[in-house]
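J.: I'd like to ask you about the structure that follows.
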Amino acid sequence: MTTTIDRRVIVRAIVVFLLAATAITLVSVIMSDSAQATDAAAQVVAADTSGDEIATTDATGTGQIRWLQQLVNGLAFGTLLALASVGLSLIYGTTGLSNFAHGEQVSFGAILCYFLVTPQDITIPFVPTSFNIGLPLVVGAIIAIAVSAGTGWLQDKFLWAPLRRRGVAMVQQMIVSIGLSLALLNFIQWWIGGGRVRLTIAIDESIDLGVFSIGRQTLISLVIALACLGGVSWFLLRTRLGRATRAVSDNPALASASGIQVSKIIRLVWVLAAGLAGLGGVLLALYDNGTAFDAGARLLMLMFAAVTLGGLGQAFGALVGSLVIGVVAEMSTLWLPADLKVATALVILILVLLVRPQGILGRAERVG
Amino acid sequence: MDFADLLVNAGRELFAPATAAFALAAIGLNFHFGLTGLLNMGHAGFMLLGMYGYAITVREGGGMLLGILVAILLAMAFGLLLGWPTLKLKGDYLAIVTIAAAEFVRFLGRSSVMKNITGGSTGIRGTDFKEPFESLSPFPSEQITIGPWTLHGTASTSWWLVVVSWGLVALFAWLFWMLAKSPWGRVLKGIREDEDAVRSLGKNVYAYKMQALVIGGVIGALGGILWSFGNAVQPDSMGRPTTFWIWTLLLLGGAATVFGPILGSALFWMALVVVKGLSAMFIPETLMNATQREPFALMLVGVTLMLLVIFRPQGILGNRRELAING
Amino acid sequence: MADKKKATPTSADPFALVPHEAGAPKMDKIIVADNIQRRFGGLTAVDVEHFEVQRNAITALIGPNGAGKSTFFNLLTGFDRPQTGEWSFNGFSLHSKSPAQVARSGMVRTFQLTKALSRMTVIENMRLGAANQVGENLARAFFPALWKKQEQEITEKAEELLVRFKLDKKRDDYAGELSGGQRKLLEMARALMSDPEIVMLDEPMAGVNPALTESLLDHIIELKNQGVTVLFVEHDMHMVRRISDWVVVMAEGKIIAEGPPGTVMANPAVQDAYLGAHHDTDLFEER
């Protein structure tokens with residue numbers, strides 16, 4: 001029962017990740033070569049050959065290497081996905097709950113941000129007047145994230161903590177989270193409607209870096225996301241509270257016996273997870289040029305894939321898992337239609353479970 | 001709309017084929033969760049596979065029996081494939097893998113690559129596969145009114161479909177009852193309570209879980225076929241929410257009980273109609289317009305699911321004494 | 001199962017000639033284990049060179065917290081896999097056998113944290129324990145005619161056992177409604193439904209109300225009288241002295257001493273293990 005992260009485990013994870021990334025890259029290079037029959041040395045893709053619907057945000061200009069572009073997109077998407085899945089993983093680690101409502105936390109952050117910043121008229125359920133708030137994007141985003149974090153606190157205070165105190169079985173708690181997800185999803189649809197909404201009408205400028213391009217908004221989002229993920233890592237590895245969190249994740253009974261207030265740690269994890277999900281929602285809405293009531297629900301499968309890949313409950317596993325899933329999803333569009341992006345990620349998830357059920361970072365479980 | 005209409009509409013849901021289709025699917029899930037404690041979160045995937053298997057076979061001229069056989073085989077293969085890696089692991093893994101696999105089936109079905117086979121996101125039209133079933137109808141091909149309800153005799157949501165659907169539900173409810181009280185069912189219940197204990201008594205837990213998963217999945221696939229007879233094959237109608245609804249109605253009626261899935265399904269569909277009807281009658285248009293009623297009603301479904309699991313996990317028909325034992 | 005009787009020495013103490021040392025050979029061995037090693041990461045939880053269990057005797061497996069007793073138990077019963085080692089039951093190798101196969105071969109275990117099947121009635125718990133049930137096959141489950149008779153026999157046997165364990169009044173209660181001690185009894189009775197040759201009891205006294213301990217002890221002695229071998233893990237030395245014929249002591253994953261209950265505690269190695277230098281370091285919590 002060590003509380004420090006096993007160094008070999010991290011090394012193993014990096015090796016697996018690099019191998020996966022290399023393999024995918026190689027495959028994609030081979031695929032694109034054979035498909036387009038271009039000079040292997042140049043590897044220049046002039047235009048889409050198959051005419052499939054690519055729904056990526058960044059337009060592929062000439063002179064760019066398509067697989068590199070997709071790799072960059074994948075890493076960017078993976079980083080943003082990680083914001084959401086790290087929280088999911090922390091919740092699983094500390095409480096054992098597979099929180100199916102985590103997708104709605106992501107949608108909630110994005111939709112609340114939209115609600116606060118849009119110049120269009122908006123309504124609240126059961127309030128007959130329409131109005132608009134129209135805050136600046138940054139202010140709206142910060143409020144949305146803070147409120148998201150607050151919902152984490154409220155949820156734990158009034159729902160999950162009482163359930164834990166009553167000793168409600170984990171399976172039941174999981175089904176409660178499914179109910180919550182269903183309720184929140186439909187509440188958000190009731191509130192904001194079924195259409196797609198945009199946080200900002202500004203068109204994302206594309207920065208051309210020669211071999212690939214990246215949107216300015218995406219770049220800023222990435223910087224924010226990386227800063228936050230760095231902050232979370234620092235918190236988990238370097239602070240007393242973070243170490244306590246990992247101790248709870250490792251063995252709640254032992255942590256409790258050694259004087260850690262488990263319920264407070266769990267409360268903190270909920271706040272952190274909901275806040276990160278809210279942030280992830282806002283940033284993904286910027287990255288995707290829009291959001292909808294089911295944005296988070298669509299992501300939920302990818303988050304679970306990432307968390308499972310990384311090993312259930314391992315916060316850093318979720319990070320690595322998210323990157324792998326992001327890269328796989330984006331790179332798959334090189335030879336598969338874009339509408340199979342998510343499907344590809346799910347296949348990878350199932351395959352990994354076959355080979356290494358405890359995930360990339362997980363340890364084999366002890367029986368008996 | 002007035003109360004009388006609402007009552008008639010709500011009453012229609014009690015015997016509607018959709019109610020029967022969901023009840024049948026829920027009986028399948030009852031084998032999984034009610035008896036064995038398996039967390040199948042991808043039941044809609046089994047239903048969708050069943051629908052595809054039947055509709056595509058029939059459209060290609062394979063006939064009804066072959067269609068049903070294909071649907072059953074697909075569901076069996078799907079169950080085996082999902083169970084193989086996950087049934088040895090903790091329950092959460094099965095939940096995640098089944099939900100992922102069900103979504104995968106849906107994504108693949110609606111993908112443009114499969115357009116020629118599955119019809120992509122528009123699915124398969126009813127006219128392509130309903131004919132053989134409807135041609136078996138002994139009822140006249142016209143609108144028939146029984147009491148306050150009028151349905152067509154043979155086409156789509158018809159009296160013929162009502163009879164067949166509920167016949168199937170009755171058959172499988174009986175099957176569930178038979179198996180649940182057999183020694184085989186006893187082993188499954190033991191697994192639900194504690195796998196390791198059952199292992200220590202010399203039972204091959206893995207094989208039993210696999211049998212339960214496959215049987216429940218096949219019943220789910222048949223439920224999917226019934227559903228498609230009243231509607232069409234539409235991949236997006238079999239997404240995650242469908243799975244969650246089935247869970248809700250199973251828990252509402254009472255998991256592990258024979259009539260729980262049936263009662264749950266009837267109440268579920270009736271409640272949706274009643275909530276939408278009442279909100280249309282009593283909430284003015286300025287506060288809630290027509291498009292908002294559906295999400296409002298479904299939000300209540302979610303809340304119901306939460307409250308049920310927290311306060312009455314054994315459902316309406318479940319044993320009161322079981323409540324005291326938090327398993 | 002047929003040679004059970006033959007192997008039982010009638011009057012003489014089967015341990016009379018057994019040396020009081022770790023890994024001592026027994027006269028009539030039912031379990032033999034060699035070189036069993038189980039490592040968790042860098043930690044070696046179990047490292048047993050040689051281990052034998054005498055047939056039709058009550059053997060206690062004791063040791064301080066974290067000695068690896070429960071892990072060793074899990075290894076023997078197939079609930080955990082060792083990295084190395086070979087072990088057999090009645091000469092039948094149990095290597096890479098599943099827990100169910102181990103149980104079917106005649107070695108049935110109970111658990112430290114009682115695994116009564118809560119939302120099943122006491123009688124259903126008992127019926128589940130019976131081996132070779134026709135109706136447990138899916139195809140045959142459809143035809144009650146095939147299994148009704150056997151079901152009746154099983155029920156009769158279960159009812160007899162319930163009477164013996166004084167649980168007959170609880171027949172139709174849910175197992176979850178029983179007290180902790182009653183659950184232990186139920187678990188033990190359920191294990192007997194399959195007529196095992198050896199019963200492995202993991203801390204049978206843990207969490208049992210003192211009033212029930214005596215009756216539990218009597219039941220264990222009664223098992224031996226009926227020709228069943230018992231191997232149990234226990235903390236409570238009083239109980240070990242009361243009922244066991246032979247005591248095996250484990251510490252830090254190894255077997256450090258063996259002997260009759262009266263003398264084994266006098267062994268300096270044992271005293272060291274219990275009170276020695278390591279008594280304040282909790283190696284790892286046993287589950």
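Each chain of the structure tokens is named A, B, ... in the order shown, its residues numbered from 1; ligands are numbered from 1 in display order.
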At most 9 Å is the cut-off: for each residue in chain B with any atom that close to an atom of chain C, write down the nearest atom pair and the distance in Å rounded to one decimal, counting only C-alpha atoms, chain first then increasing number, as JSON lines.
T.:
```
{"residue": "B:Leu175", "atom": "CA", "partner": "C:Phe142", "partner_atom": "CA", "distance": 8.2}
{"residue": "B:Met178", "atom": "CA", "partner": "C:Phe142", "partner_atom": "CA", "distance": 6.8}
{"residue": "B:Leu179", "atom": "CA", "partner": "C:Ala141", "partner_atom": "CA", "distance": 6.4}
{"residue": "B:Ser182", "atom": "CA", "partner": "C:Ala141", "partner_atom": "CA", "distance": 5.7}
{"residue": "B:Pro183", "atom": "CA", "partner": "C:Glu136", "partner_atom": "CA", "distance": 4.9}
{"residue": "B:Trp184", "atom": "CA", "partner": "C:Glu136", "partner_atom": "CA", "distance": 4.0}
{"residue": "B:Gly185", "atom": "CA", "partner": "C:Glu136", "partner_atom": "CA", "distance": 7.7}
{"residue": "B:Arg186", "atom": "CA", "partner": "C:Leu128", "partner_atom": "CA", "distance": 6.8}
{"residue": "B:Val187", "atom": "CA", "partner": "C:Leu128", "partner_atom": "CA", "distance": 6.6}
{"residue": "B:Lys189", "atom": "CA", "partner": "C:Met120", "partner_atom": "CA", "distance": 7.6}
{"residue": "B:Gly190", "atom": "CA", "partner": "C:Leu117", "partner_atom": "CA", "distance": 6.2}
{"residue": "B:Ile191", "atom": "CA", "partner": "C:Leu117", "partner_atom": "CA", "distance": 8.7}
{"residue": "B:Arg192", "atom": "CA", "partner": "C:Leu117", "partner_atom": "CA", "distance": 8.6}
{"residue": "B:Glu193", "atom": "CA", "partner": "C:Leu117", "partner_atom": "CA", "distance": 5.2}
{"residue": "B:Asp194", "atom": "CA", "partner": "C:Leu117", "partner_atom": "CA", "distance": 6.3}
{"residue": "B:Asp196", "atom": "CA", "partner": "C:Lys115", "partner_atom": "CA", "distance": 8.0}
{"residue": "B:Ala197", "atom": "CA", "partner": "C:Lys115", "partner_atom": "CA", "distance": 5.8}
{"residue": "B:Val198", "atom": "CA", "partner": "C:Leu128", "partner_atom": "CA", "distance": 8.0}
{"residue": "B:Arg199", "atom": "CA", "partner": "C:Ala100", "partner_atom": "CA", "distance": 4.9}
{"residue": "B:Ser200", "atom": "CA", "partner": "C:Ala103", "partner_atom": "CA", "distance": 5.9}
{"residue": "B:Leu201", "atom": "CA", "partner": "C:Gly129", "partner_atom": "CA", "distance": 5.7}
{"residue": "B:Gly202", "atom": "CA", "partner": "C:Ala100", "partner_atom": "CA", "distance": 3.8}
{"residue": "B:Lys203", "atom": "CA", "partner": "C:Ala100", "partner_atom": "CA", "distance": 5.3}
{"residue": "B:Asn204", "atom": "CA", "partner": "C:Ala100", "partner_atom": "CA", "distance": 5.8}
{"residue": "B:Val205", "atom": "CA", "partner": "C:Ala100", "partner_atom": "CA", "distance": 8.0}
{"residue": "B:Tyr208", "atom": "CA", "partner": "C:Leu138", "partner_atom": "CA", "distance": 8.7}
{"residue": "B:Gln211", "atom": "CA", "partner": "C:Leu138", "partner_atom": "CA", "distance": 8.0}
{"residue": "B:Arg321", "atom": "CA", "partner": "C:Tyr174", "partner_atom": "CA", "distance": 8.2}
{"residue": "B:Glu322", "atom": "CA", "partner": "C:Arg119", "partner_atom": "CA", "distance": 6.3}
{"residue": "B:Ala324", "atom": "CA", "partner": "C:Glu177", "partner_atom": "CA", "distance": 8.3}
{"residue": "B:Ile325", "atom": "CA", "partner": "C:Gly176", "partner_atom": "CA", "distance": 5.8}
{"residue": "B:Asn326", "atom": "CA", "partner": "C:Gly176", "partner_atom": "CA", "distance": 8.4}
{"residue": "B:Gly327", "atom": "CA", "partner": "C:Ser118", "partner_atom": "CA", "distance": 6.5}
```
J.: Could you give me the residues within range 26-248 of chain A that DSSP places in strand (DSSP E or B), as a list of chain:residue names?
T.: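 Residues of range 26-248 of chain A classed as strand (DSSP E or B): A:Ile122, A:Thr123, A:Ile124, A:Val127, A:Pro128, A:Thr129, A:Ser130, A:Phe131, A:Val197, A:Ser206, A:Ile207, A:Asp208, A:Ser213, A:Ile214, A:Gly215.
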J.: Please determine, counting only C-alpha atoms, which residue among A:Met303, A:Leu334, A:Ala295, A:Val211 has the shortest atom-to-atom distance to chain B.
T.: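 Checking each of A:Met303, A:Leu334, A:Ala295, A:Val211 against chain B, counting only C-alpha atoms, the winner is A:Met303.
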J.: Compile the residues of chain A that lie within 7 Å of chain B, evaluated using only C-alpha atoms, and express the compilation as a list in words.
T.: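 Residues satisfying the distance criterion: Phe126, Val127, Pro128, Val168, Ala169, Gln172, Val176, Gly179, Leu180, Leu182, Ala183, Leu184, Asn186, Phe187, Gln189, Trp190, Met301, Asp339, Leu340, Ala343, Leu346, Ile350, Leu353 and Leu354 of chain A.
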J.: Include C-alpha atoms and write out the residues we just selected as a short mmCIF file (atom, residue, chain, number, x, y, z; two decimals), in the first residue's frame.
T.:
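That gives us out27.cif:
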```cif
data_model
loop_
_atom_site.label_atom_id
_atom_site.label_comp_id
_atom_site.auth_asym_id
_atom_site.auth_seq_id
_atom_site.Cartn_x
_atom_site.Cartn_y
_atom_site.Cartn_z
CA PHE A 126 -40.92 28.56 -15.81
CA VAL A 127 -39.88 32.22 -16.05
CA PRO A 128 -42.01 33.78 -18.77
CA VAL A 168 -26.16 2.42 -0.30
CA ALA A 169 -24.45 -0.15 -2.51
CA GLN A 172 -27.32 1.52 -6.70
CA VAL A 176 -28.66 7.02 -9.20
CA GLY A 179 -30.98 8.91 -13.20
CA LEU A 180 -29.23 12.18 -12.49
CA LEU A 182 -31.10 11.55 -17.54
CA ALA A 183 -32.65 14.32 -15.45
CA LEU A 184 -29.87 16.85 -16.11
CA ASN A 186 -33.38 16.70 -20.27
CA PHE A 187 -33.33 19.67 -17.95
CA GLN A 189 -32.60 20.54 -23.23
CA TRP A 190 -35.71 22.02 -21.68
CA MET A 301 -18.19 7.36 -23.71
CA ASP A 339 -18.70 9.61 -38.23
CA LEU A 340 -16.85 6.55 -36.96
CA ALA A 343 -16.72 4.15 -32.65
CA LEU A 346 -14.73 2.51 -28.31
CA ILE A 350 -12.72 -2.90 -25.74
CA LEU A 353 -9.77 -4.41 -21.87
CA LEU A 354 -9.09 -7.73 -23.54
#
```
J.: Identify which of the residues C:Phe92, C:Leu17, C:Asp202, C:Phe165 lies closest to chain A, counting only C-alpha atoms when measuring atom-to-atom distances.
T.: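 Checking each candidate against chain A, we get C:Asp202 as the closest.
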J.: Quick one, how far is CA of Glu153 in chain C from CA of Ile123 in chain C?
T.: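 Atom-to-atom, CA of Glu153 in chain C to CA of Ile123 in chain C, that is 12.9 Å.
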J.: Quick one: pull the distance between CA of Ser96 in chain C and CA of Ile31 in chain C, Å, one decimal.
T.: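 Between CA of Ser96 in chain C and CA of Ile31 in chain C the gap is 15.6 Å.
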J.: Select, as a ChimeraX atom specification, those residues of chain C with any atom no more than 12 Å from chain A (distances computed using only C-alpha atoms).
T.: /C:38-43,70-82,99,109-113,115,202,282-287
J.: What would the file look like if the residues just selected were written as a short mmCIF file (atom, residue, chain, number, x, y, z; two decimals), in the first residue's frame with N, CA and C atoms?
T.:
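Generated file (again.cif):
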```
data_model
loop_
_atom_site.label_atom_id
_atom_site.label_comp_id
_atom_site.auth_asym_id
_atom_site.auth_seq_id
_atom_site.Cartn_x
_atom_site.Cartn_y
_atom_site.Cartn_z
N ARG C 38 3.94 -16.34 -3.29
CA ARG C 38 3.01 -15.35 -3.83
C ARG C 38 3.59 -13.99 -3.50
N ARG C 39 3.89 -13.24 -4.55
CA ARG C 39 4.44 -11.89 -4.35
C ARG C 39 3.45 -10.86 -4.86
N PHE C 40 3.32 -9.77 -4.09
CA PHE C 40 2.55 -8.61 -4.55
C PHE C 40 3.55 -7.50 -4.79
N GLY C 41 3.84 -7.20 -6.04
CA GLY C 41 4.87 -6.21 -6.30
C GLY C 41 6.17 -6.71 -5.71
N GLY C 42 6.77 -5.92 -4.84
CA GLY C 42 8.05 -6.32 -4.27
C GLY C 42 7.89 -7.13 -2.99
N LEU C 43 6.63 -7.30 -2.55
CA LEU C 43 6.40 -7.90 -1.24
C LEU C 43 6.06 -9.37 -1.38
N SER C 70 -4.20 -15.75 5.42
CA SER C 70 -5.38 -15.69 4.55
C SER C 70 -4.98 -15.81 3.09
N THR C 71 -3.85 -15.20 2.74
CA THR C 71 -3.38 -15.31 1.36
C THR C 71 -3.08 -16.77 1.03
N PHE C 72 -2.41 -17.46 1.96
CA PHE C 72 -2.09 -18.88 1.76
C PHE C 72 -3.38 -19.68 1.56
N PHE C 73 -4.36 -19.35 2.36
CA PHE C 73 -5.67 -19.98 2.26
C PHE C 73 -6.28 -19.77 0.88
N ASN C 74 -6.20 -18.52 0.42
CA ASN C 74 -6.74 -18.20 -0.90
C ASN C 74 -6.00 -18.97 -1.99
N LEU C 75 -4.69 -19.14 -1.80
CA LEU C 75 -3.90 -19.86 -2.80
C LEU C 75 -4.33 -21.32 -2.84
N LEU C 76 -4.47 -21.91 -1.66
CA LEU C 76 -4.83 -23.33 -1.61
C LEU C 76 -6.19 -23.59 -2.24
N THR C 77 -7.12 -22.63 -2.07
CA THR C 77 -8.48 -22.86 -2.54
C THR C 77 -8.72 -22.31 -3.95
N GLY C 78 -7.68 -21.80 -4.58
CA GLY C 78 -7.82 -21.36 -5.96
C GLY C 78 -8.32 -19.95 -6.13
N PHE C 79 -8.53 -19.22 -5.02
CA PHE C 79 -9.01 -17.85 -5.14
C PHE C 79 -7.89 -16.87 -5.47
N ASP C 80 -6.66 -17.34 -5.41
CA ASP C 80 -5.52 -16.51 -5.78
C ASP C 80 -4.50 -17.45 -6.41
N ARG C 81 -3.64 -16.90 -7.24
CA ARG C 81 -2.65 -17.73 -7.93
C ARG C 81 -1.25 -17.40 -7.43
N PRO C 82 -0.46 -18.40 -7.07
CA PRO C 82 0.92 -18.12 -6.67
C PRO C 82 1.81 -17.97 -7.91
N PRO C 99 -11.44 -21.86 -8.40
CA PRO C 99 -12.05 -22.11 -7.09
C PRO C 99 -13.18 -23.12 -7.17
N ARG C 109 -14.49 -24.07 1.23
CA ARG C 109 -14.01 -23.08 2.18
C ARG C 109 -15.13 -22.16 2.66
N THR C 110 -14.87 -21.47 3.76
CA THR C 110 -15.73 -20.35 4.17
C THR C 110 -14.86 -19.11 4.16
N PHE C 111 -15.47 -17.98 4.44
CA PHE C 111 -14.74 -16.72 4.34
C PHE C 111 -14.69 -16.00 5.68
N GLN C 112 -13.63 -15.20 5.80
CA GLN C 112 -13.46 -14.42 7.02
C GLN C 112 -14.62 -13.44 7.18
N LEU C 113 -14.90 -12.69 6.09
CA LEU C 113 -16.09 -11.85 6.09
C LEU C 113 -17.19 -12.72 5.53
N LYS C 115 -19.91 -14.74 3.86
CA LYS C 115 -20.60 -14.52 2.61
C LYS C 115 -21.92 -15.27 2.59
N ASP C 202 -12.00 -19.88 7.30
CA ASP C 202 -11.17 -18.68 7.42
C ASP C 202 -11.70 -17.85 8.58
N ASP C 282 3.10 -2.99 11.12
CA ASP C 282 2.00 -3.67 10.45
C ASP C 282 2.39 -3.82 8.99
N LEU C 283 2.67 -5.05 8.59
CA LEU C 283 3.19 -5.26 7.24
C LEU C 283 2.19 -4.80 6.19
N PHE C 284 1.08 -5.44 6.14
CA PHE C 284 -0.02 -4.93 5.33
C PHE C 284 -1.30 -5.55 5.84
N GLU C 285 -2.33 -4.79 5.65
CA GLU C 285 -3.62 -5.22 6.18
C GLU C 285 -4.12 -6.43 5.41
N GLU C 286 -4.51 -7.46 6.11
CA GLU C 286 -5.10 -8.60 5.42
C GLU C 286 -6.57 -8.34 5.17
N ARG C 287 -7.03 -8.73 3.99
CA ARG C 287 -8.45 -8.52 3.74
C ARG C 287 -9.25 -9.74 4.14
#
```
J.: Mind pulling up the distance from CA of Gly296 in chain A to CA of Gln105 in chain A?
T.: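 Value for the CA of Gln105 in chain A-CA of Gly296 in chain A distance: 7.2 Å.
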J.: So that I can see what lies close to Val214 in chain B, please list as a VMD selection string the residues with an atom at most 10 Å from it, counting only C-alpha atoms and leaving out residues fewer than 4 positions away in the same chain.
T.: chain B and resid 28 31 to 32 46 72 to 73 75 to 83 208 to 210 218 to 220
